[in-house]
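So this one's input_17.cif, mmCIF, C-alpha atoms:
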```
data_final
loop_
_atom_site.label_atom_id
_atom_site.label_comp_id
_atom_site.auth_asym_id
_atom_site.auth_seq_id
_atom_site.Cartn_x
_atom_site.Cartn_y
_atom_site.Cartn_z
CA MET A 1 -5.61 -44.55 -111.75
CA LYS A 2 -2.15 -44.57 -110.17
CA ASN A 3 -1.23 -45.34 -106.55
CA GLY A 4 -4.92 -45.52 -105.78
CA TYR A 5 -5.61 -41.87 -106.56
CA VAL A 6 -7.48 -40.20 -109.37
CA CYS A 7 -7.79 -36.65 -110.59
CA VAL A 8 -9.95 -34.60 -112.89
CA VAL A 9 -8.36 -32.96 -115.93
CA THR A 10 -9.39 -30.70 -118.77
CA LYS A 11 -7.28 -32.00 -121.66
CA LYS A 12 -3.75 -33.04 -122.41
CA TYR A 13 -2.40 -29.71 -123.56
CA PHE A 14 -3.15 -25.99 -123.35
CA ALA A 15 -1.45 -24.15 -126.18
CA MET A 16 -2.13 -20.52 -125.10
CA LYS A 17 -2.73 -19.46 -128.68
CA HIS A 18 -4.37 -16.12 -127.87
CA ILE A 19 -3.80 -13.55 -125.13
CA ILE A 20 -6.42 -10.91 -124.34
CA VAL A 21 -5.23 -7.78 -122.50
CA PRO A 22 -7.70 -5.21 -121.10
CA ILE A 23 -6.30 -1.73 -121.66
CA ASP A 24 -7.48 1.68 -120.43
CA PHE A 25 -4.17 3.42 -121.25
CA SER A 26 -3.23 3.92 -117.60
CA GLU A 27 0.32 2.92 -116.67
CA GLU A 28 -1.08 0.14 -114.51
CA SER A 29 -3.00 -1.45 -117.38
CA ILE A 30 0.06 -1.17 -119.62
CA ASN A 31 1.91 -3.23 -117.00
CA GLY A 32 -0.56 -5.96 -117.91
CA LEU A 33 0.52 -5.56 -121.53
CA ARG A 34 4.19 -5.85 -120.55
CA LEU A 35 3.49 -9.11 -118.73
CA ALA A 36 1.38 -10.36 -121.64
CA LEU A 37 4.28 -9.77 -124.04
CA ILE A 38 6.49 -12.06 -121.97
CA PHE A 39 3.95 -14.88 -122.28
CA ALA A 40 3.11 -14.15 -125.92
CA ASN A 41 6.76 -14.28 -126.93
CA LYS A 42 7.34 -17.62 -125.20
CA PHE A 43 4.14 -19.26 -126.48
CA LYS A 44 4.26 -17.52 -129.90
CA ALA A 45 0.71 -16.42 -129.21
CA ARG A 46 -1.43 -13.74 -130.81
CA LEU A 47 -1.96 -10.76 -128.53
CA GLN A 48 -5.05 -8.57 -128.66
CA MET A 49 -5.58 -5.46 -126.55
CA VAL A 50 -9.18 -4.61 -125.60
CA TYR A 51 -10.61 -1.21 -124.71
CA VAL A 52 -14.25 -1.08 -123.62
CA GLN A 53 -16.39 2.02 -123.86
CA LYS A 54 -19.10 2.20 -121.24
CA PHE A 55 -22.51 2.01 -122.86
CA PRO A 56 -24.57 4.11 -122.96
CA SER A 57 -22.10 6.98 -122.91
CA GLU A 58 -22.90 10.01 -120.79
CA LEU A 59 -21.21 12.06 -123.50
CA GLY A 60 -23.79 11.15 -126.15
CA ARG A 61 -23.13 9.85 -129.67
CA VAL A 62 -20.61 12.56 -130.65
CA GLY A 63 -18.63 12.11 -127.45
CA PHE A 64 -18.76 8.35 -127.91
CA GLU A 65 -17.25 8.60 -131.39
CA GLU A 66 -14.58 11.02 -130.17
CA GLU A 67 -13.63 8.60 -127.38
CA LYS A 68 -13.28 5.87 -130.00
CA ARG A 69 -10.98 8.08 -132.10
CA ARG A 70 -8.82 8.86 -129.06
CA ALA A 71 -8.60 5.16 -128.25
CA ASP A 72 -7.45 4.43 -131.82
CA VAL A 73 -4.70 7.05 -131.50
CA GLU A 74 -3.54 5.68 -128.15
CA PHE A 75 -3.49 2.13 -129.47
CA GLU A 76 -1.34 3.16 -132.41
CA LYS A 77 1.13 4.66 -129.94
CA LEU A 78 1.25 1.41 -127.98
CA ILE A 79 1.71 -0.62 -131.15
CA LYS A 80 4.60 1.60 -132.22
CA GLU A 81 6.25 1.32 -128.79
CA PHE A 82 5.79 -2.39 -128.14
CA SER A 83 5.85 -3.98 -131.60
CA PRO A 84 9.67 -4.18 -131.62
CA LYS A 85 9.39 -6.29 -128.44
CA PHE A 86 6.86 -8.69 -129.97
CA HIS A 87 7.92 -12.03 -131.43
CA GLY A 88 8.80 -12.49 -135.09
CA GLU A 89 6.67 -10.71 -137.65
CA ALA A 90 3.51 -11.02 -135.55
CA LYS A 91 1.46 -7.87 -135.11
CA LEU A 92 -0.06 -6.44 -131.97
CA GLU A 93 -3.83 -6.23 -132.40
CA TYR A 94 -6.54 -4.24 -130.67
CA ILE A 95 -10.29 -3.88 -130.57
CA VAL A 96 -12.62 -1.22 -129.13
CA LYS A 97 -15.86 -2.59 -127.73
CA LYS A 98 -18.99 -1.25 -126.04
CA GLY A 99 -20.67 -2.50 -122.90
CA LYS A 100 -19.75 -3.75 -119.43
CA ILE A 101 -16.00 -3.97 -119.18
CA TYR A 102 -15.65 -7.35 -117.53
CA ARG A 103 -18.28 -8.96 -119.74
CA GLU A 104 -16.77 -7.68 -123.00
CA VAL A 105 -13.27 -8.75 -121.99
CA VAL A 106 -14.54 -12.23 -121.10
CA ASN A 107 -16.56 -12.47 -124.33
CA GLN A 108 -13.50 -11.55 -126.36
CA ALA A 109 -11.45 -14.29 -124.72
CA GLU A 110 -14.19 -16.85 -125.25
CA ALA A 111 -14.18 -16.06 -128.98
CA PHE A 112 -10.82 -17.85 -129.36
CA ASP A 113 -9.46 -21.31 -128.66
CA ASP A 114 -6.91 -21.65 -125.87
CA ALA A 115 -7.14 -17.98 -124.86
CA VAL A 116 -5.78 -16.47 -121.65
CA ILE A 117 -6.64 -13.07 -120.19
CA ILE A 118 -3.68 -11.12 -118.77
CA SER A 119 -4.59 -7.98 -116.89
CA SER A 120 -3.53 -5.45 -114.31
CA THR A 121 -5.72 -5.35 -111.22
CA HIS A 122 -5.55 -1.56 -111.06
CA GLY A 123 -6.25 1.12 -113.60
CA ALA A 124 -8.43 4.08 -114.44
CA SER A 125 -11.39 4.97 -116.65
CA GLY A 126 -13.52 2.09 -115.48
CA PHE A 127 -10.93 -0.56 -114.75
CA GLU A 128 -10.24 1.00 -111.35
CA GLU A 129 -13.92 0.56 -110.58
CA LEU A 130 -13.78 -2.99 -111.93
CA PHE A 131 -10.96 -4.07 -109.65
CA MET A 132 -11.99 -2.37 -106.41
CA GLY A 133 -13.42 -4.40 -103.52
CA SER A 134 -15.88 -7.13 -104.47
CA ASN A 135 -15.68 -6.10 -108.15
CA SER A 136 -12.09 -7.29 -108.31
CA PHE A 137 -13.38 -10.84 -108.66
CA LYS A 138 -15.72 -10.22 -111.61
CA ILE A 139 -13.42 -10.80 -114.53
CA VAL A 140 -11.77 -13.81 -112.89
CA SER A 141 -14.92 -15.49 -111.61
CA THR A 142 -16.87 -14.84 -114.83
CA ALA A 143 -14.22 -16.12 -117.23
CA GLU A 144 -14.01 -19.79 -118.12
CA ASN A 145 -10.58 -19.00 -119.53
CA PRO A 146 -7.50 -18.79 -117.32
CA VAL A 147 -6.65 -15.29 -116.10
CA ILE A 148 -3.25 -13.95 -115.11
CA THR A 149 -3.33 -10.77 -113.04
CA ILE A 150 -0.62 -8.40 -111.92
CA ARG A 151 -0.89 -5.72 -109.25
CA GLN A 152 1.00 -2.45 -109.17
CA GLY A 153 4.74 -2.90 -109.25
CA ALA A 154 7.55 -4.27 -111.34
CA VAL A 155 6.83 -6.79 -114.10
CA PRO A 156 9.02 -9.91 -113.87
CA ARG A 157 11.57 -10.25 -116.68
CA GLU A 158 11.09 -14.03 -116.78
CA ILE A 159 8.97 -16.71 -115.16
CA LYS A 160 11.58 -18.77 -113.31
CA THR A 161 9.80 -19.80 -110.10
CA ILE A 162 6.13 -20.81 -109.91
CA ILE A 163 4.24 -21.44 -106.67
CA LEU A 164 1.62 -24.21 -106.92
CA PRO A 165 -0.45 -24.53 -103.72
CA ILE A 166 -2.27 -27.84 -103.24
CA ASP A 167 -5.13 -28.32 -100.77
CA ILE A 168 -7.49 -31.26 -100.17
CA SER A 169 -10.13 -30.45 -102.78
CA VAL A 170 -10.36 -32.41 -106.03
CA GLU A 171 -10.47 -29.15 -107.99
CA THR A 172 -7.09 -27.97 -106.69
CA ARG A 173 -5.26 -30.19 -109.22
CA GLN A 174 -7.03 -28.80 -112.28
CA LYS A 175 -4.50 -25.97 -112.33
CA VAL A 176 -1.59 -28.38 -112.72
CA LEU A 177 -1.87 -28.83 -116.51
CA LEU A 178 -1.53 -25.17 -117.48
CA THR A 179 0.96 -24.49 -114.69
CA ALA A 180 3.09 -27.34 -116.02
CA GLU A 181 2.87 -26.03 -119.60
CA ILE A 182 4.00 -22.59 -118.45
CA ALA A 183 6.84 -24.11 -116.43
CA LYS A 184 7.91 -26.21 -119.42
CA ILE A 185 7.94 -23.25 -121.81
CA PHE A 186 9.84 -20.99 -119.40
CA GLU A 187 12.05 -23.77 -117.99
CA ALA A 188 10.81 -22.67 -114.58
CA GLU A 189 10.94 -24.50 -111.26
CA VAL A 190 7.59 -25.36 -109.67
CA HIS A 191 7.24 -25.23 -105.89
CA VAL A 192 4.45 -27.64 -104.95
CA LEU A 193 3.07 -26.44 -101.62
CA GLY A 194 0.77 -28.63 -99.58
CA VAL A 195 -1.19 -26.04 -97.61
CA SER A 196 -3.78 -26.08 -94.84
CA ALA A 197 -4.86 -23.91 -91.93
CA THR A 198 -4.22 -26.67 -89.38
CA LYS A 199 -2.53 -30.06 -89.12
CA VAL A 200 -5.11 -32.85 -89.01
CA GLU A 201 -4.23 -36.47 -89.77
CA ASP A 202 -6.82 -37.03 -92.51
CA ILE A 203 -6.06 -33.70 -94.17
CA ASP A 204 -2.31 -34.29 -93.97
CA ALA A 205 -2.68 -37.70 -95.62
CA LYS A 206 -4.74 -36.35 -98.50
CA ILE A 207 -2.48 -33.35 -99.10
CA GLU A 208 0.54 -35.63 -98.99
CA ALA A 209 -1.02 -37.94 -101.60
CA TYR A 210 -2.11 -35.10 -103.89
CA SER A 211 1.26 -33.34 -103.66
CA LYS A 212 3.17 -36.52 -104.48
CA GLN A 213 0.89 -37.14 -107.44
CA VAL A 214 1.52 -33.64 -108.77
CA CYS A 215 5.29 -34.04 -108.34
CA GLU A 216 5.15 -37.35 -110.18
CA TYR A 217 3.37 -35.66 -113.08
CA LEU A 218 5.99 -32.90 -113.19
CA LYS A 219 8.85 -35.38 -112.97
CA GLU A 220 7.48 -37.38 -115.92
CA ARG A 221 7.60 -34.21 -118.01
CA GLY A 222 11.08 -33.18 -116.99
CA ILE A 223 9.91 -30.12 -115.07
CA LYS A 224 12.06 -28.96 -112.18
CA HIS A 225 10.16 -28.99 -108.91
CA VAL A 226 10.41 -29.05 -105.12
CA ARG A 227 7.77 -30.00 -102.57
CA HIS A 228 6.99 -28.39 -99.22
CA ARG A 229 4.25 -28.59 -96.59
CA LEU A 230 2.98 -25.32 -95.11
CA VAL A 231 0.54 -24.80 -92.24
CA GLY A 232 -0.79 -21.36 -91.35
CA GLY A 233 -3.95 -19.80 -90.01
CA ASN A 234 -4.01 -17.31 -92.87
CA ILE A 235 -3.23 -19.41 -95.93
CA VAL A 236 -3.05 -16.42 -98.28
CA ASN A 237 -0.41 -14.67 -96.19
CA THR A 238 1.49 -17.94 -95.74
CA ILE A 239 1.66 -18.50 -99.51
CA ILE A 240 2.58 -14.88 -100.24
CA ASP A 241 5.36 -14.92 -97.62
CA TYR A 242 6.74 -18.11 -99.15
CA ALA A 243 6.51 -16.62 -102.65
CA LEU A 244 8.42 -13.52 -101.60
CA ASP A 245 11.06 -15.50 -99.71
CA ASN A 246 11.67 -17.60 -102.82
CA GLU A 247 11.52 -14.70 -105.30
CA ALA A 248 8.58 -16.29 -107.14
CA ASP A 249 7.35 -14.93 -110.46
CA LEU A 250 3.89 -16.55 -110.54
CA VAL A 251 1.38 -18.06 -108.11
CA SER A 252 -1.15 -20.55 -109.52
CA ILE A 253 -4.56 -20.78 -107.82
CA MET A 254 -8.12 -21.99 -108.34
CA THR A 255 -10.84 -19.36 -108.13
CA GLU A 256 -13.28 -21.65 -106.41
CA GLN A 257 -13.20 -24.60 -104.06
CA ASN A 258 -16.40 -26.68 -103.91
CA ASP A 259 -15.30 -29.16 -101.25
CA SER A 260 -16.78 -28.06 -97.93
CA LEU A 261 -13.74 -29.49 -96.13
CA ALA A 262 -11.31 -27.47 -98.22
CA ASN A 263 -9.25 -24.86 -96.44
CA PHE A 264 -9.87 -22.34 -99.24
CA ILE A 265 -13.16 -20.55 -98.60
CA LEU A 266 -15.28 -19.99 -101.70
CA GLY A 267 -14.41 -16.65 -103.27
CA THR A 268 -12.56 -15.25 -100.28
CA TYR A 269 -9.24 -17.05 -100.86
CA ALA A 270 -8.90 -16.07 -104.50
CA GLN A 271 -10.11 -12.54 -103.90
CA GLN A 272 -7.59 -12.02 -101.10
CA MET A 273 -4.82 -13.45 -103.25
CA LEU A 274 -5.69 -11.11 -106.13
CA ASN A 275 -5.84 -8.11 -103.81
CA LYS A 276 -2.71 -8.88 -101.78
CA SER A 277 -0.20 -10.75 -103.91
CA PRO A 278 2.73 -8.65 -105.17
CA VAL A 279 3.50 -11.63 -107.42
CA PRO A 280 1.44 -12.21 -110.63
CA VAL A 281 -1.40 -14.69 -110.06
CA LEU A 282 -2.68 -17.34 -112.48
CA SER A 283 -6.36 -18.01 -111.70
CA ILE A 284 -8.18 -21.04 -113.09
CA THR A 285 -11.90 -21.68 -112.62
CA PRO A 286 -12.72 -25.31 -111.80
CA LYS A 287 -14.84 -27.25 -114.25
CA GLU A 288 -16.81 -30.49 -114.19
CA PHE A 289 -14.92 -33.30 -115.89
CA SER A 290 -14.93 -37.05 -115.92
CA ILE A 291 -12.35 -38.86 -113.83
CA MET A 292 -9.54 -40.00 -116.11
CA GLY A 293 -6.50 -40.90 -114.04
CA THR A 294 -3.21 -39.30 -113.26
CA PHE A 295 -3.23 -36.14 -115.41
CA ARG A 296 -3.38 -38.11 -118.67
#
```

For this file, write the structure as structure tokens.
Amino acid sequence: MKNGYVCVVTKKYFAMKHIIVPIDFSEESINGLRLALIFANKFKARLQMVYVQKFPSELGRVGFEEEKRRADVEFEKLIKEFSPKFHGEAKLEYIVKKGKIYREVVNQAEAFDDAVIISSTHGASGFEELFMGSNSFKIVSTAENPVITIRQGAVPREIKTIILPIDISVETRQKVLLTAEIAKIFEAEVHVLGVSATKVEDIDAKIEAYSKQVCEYLKERGIKHVRHRLVGGNIVNTIIDYALDNEADLVSIMTEQNDSLANFILGTYAQQMLNKSPVPVLSITPKEFSIMGTFR
């Protein structure tokens, strides 16, 4: 405990050893691959692309096998194009699976230690269906692993500015560890934003304490950071506006807030952020952990 405050943490370090990238060969999904390469090169991580065939196939067994052959051909094209951009002598990998897209992608990530899913939120051949409306939350809310999503648009060349919103829930600080690791690897600046819909004395005091604690953690690790307090009726729009004004490259959020007093409504906040943010979003699902002190 430090300064009278405690926090819940996962572990001391997240290595990001494996990156899983859902691919349907649309340009949008390949944008996810481009973003994944940036992270893989910095973390020296393995990168595996995943294509999922819907099962059972309406085309029958022969059509199913033909789809698999076409996927193999398309993957070889991607490997030829992007291998020169991949770190060292590491090889781009891929796998073709059968089943529900979001479930197979999540299962593949869970098969590895320290795996992150990096994906476009738009695509075709099933992924468009996956990321439309309420389905856009499936892969993020189902995965225990962190997920980084990117909407349509340009892929950042580097991760130089990271937005880290902090609210009054205990879970909000669980995203600090991985966010800090990413900032350390990229030598990025973290903008710690204390956010709420309204200004209330008790809420202000808690956000102030949490934000200071996060900044202290970042300072101890030599990570550049600034701290701001934002109040806005629509928190998602407030954060996005700030991110755009500061040319941010990544926004770090929790996918769930269990505290009934929290300003982030369960599901709605994360879903709106995924659907609206023109900046890539790192989503982390809160977990139950013992209280251990200030991020140690």

Reference answer for the PyMOL selection byres ((chain A and resi 178-192) around 8), as a ChimeraX atom specification: /A:13-14,42-43,158-166,175-177,193-194,211,214-215,218,223-228,252

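With only C-alpha atoms as the atoms that count, the minimum distance from Tyr210 in chain A to the choices A:Ala40, A:Val170, A:Val116, A:Leu274 is reached by A:Val170.
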
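For the structure in this document, the set picked by the PyMOL selection byres ((chain A and resi 147) around 9) is A:Val116, A:Ile117, A:Ile118, A:Ser119, A:Ile139, A:Val140, A:Ala143, A:Glu144, A:Asn145, A:Pro146, A:Ile148, A:Thr149, A:Val281, A:Leu282, A:Ser283, A:Ile284, A:Thr285.
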
Output check: residues returned by the PyMOL selection byres ((chain A and resi 94) around 6), as a PyMOL selection string: chain A and resi 48-50+93+95

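Counting from CA of His18 in chain A, the distance to CA of Asp249 in chain A is 21.0 Å.
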
Selection: 12 Å around Glu76 in chain A, only C-alpha atoms, excl. self and same-chain fewer than 2 positions, as a ChimeraX atom specification: /A:25,49,69-74,78-83,91-95

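Taking CA of Ile207 in chain A and CA of Asp167 in chain A as the two end points, the separation is 5.9 Å.
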
Separation of CA of Val96 in chain A from CA of Glu65 in chain A in Å: 11.1 Å

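Shortest separation to Ile203 in chain A among A:Ala248, A:Glu216, A:Gly222, A:Ile168 occurs at residue A:Ile168, atoms counted being all atoms listed in the file.
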
Would you pick out the contacts of Val155 in chain A at 12 Å or less, using all atoms listed in the file, so that residues sharing its chain but fewer than 5 positions from it are not included, and give the list as a PDB file with C-alpha atoms, in the coordinates of the input?
```
ATOM      1  CA  GLU A  27       0.320   2.920-116.670  1.00  0.00           C
ATOM      2  CA  GLU A  28      -1.080   0.140-114.510  1.00  0.00           C
ATOM      3  CA  SER A  29      -3.000  -1.450-117.380  1.00  0.00           C
ATOM      4  CA  ILE A  30       0.060  -1.170-119.620  1.00  0.00           C
ATOM      5  CA  ASN A  31       1.910  -3.230-117.000  1.00  0.00           C
ATOM      6  CA  GLY A  32      -0.560  -5.960-117.910  1.00  0.00           C
ATOM      7  CA  LEU A  33       0.520  -5.560-121.530  1.00  0.00           C
ATOM      8  CA  ARG A  34       4.190  -5.850-120.550  1.00  0.00           C
ATOM      9  CA  LEU A  35       3.490  -9.110-118.730  1.00  0.00           C
ATOM     10  CA  ALA A  36       1.380 -10.360-121.640  1.00  0.00           C
ATOM     11  CA  LEU A  37       4.280  -9.770-124.040  1.00  0.00           C
ATOM     12  CA  ILE A  38       6.490 -12.060-121.970  1.00  0.00           C
ATOM     13  CA  PHE A  39       3.950 -14.880-122.280  1.00  0.00           C
ATOM     14  CA  SER A 119      -4.590  -7.980-116.890  1.00  0.00           C
ATOM     15  CA  SER A 120      -3.530  -5.450-114.310  1.00  0.00           C
ATOM     16  CA  THR A 149      -3.330 -10.770-113.040  1.00  0.00           C
ATOM     17  CA  ILE A 150      -0.620  -8.400-111.920  1.00  0.00           C
ATOM     18  CA  ALA A 248       8.580 -16.290-107.140  1.00  0.00           C
ATOM     19  CA  ASP A 249       7.350 -14.930-110.460  1.00  0.00           C
ATOM     20  CA  LEU A 250       3.890 -16.550-110.540  1.00  0.00           C
ATOM     21  CA  PRO A 278       2.730  -8.650-105.170  1.00  0.00           C
ATOM     22  CA  VAL A 279       3.500 -11.630-107.420  1.00  0.00           C
ATOM     23  CA  PRO A 280       1.440 -12.210-110.630  1.00  0.00           C
TER      24      PRO A 280
END
```
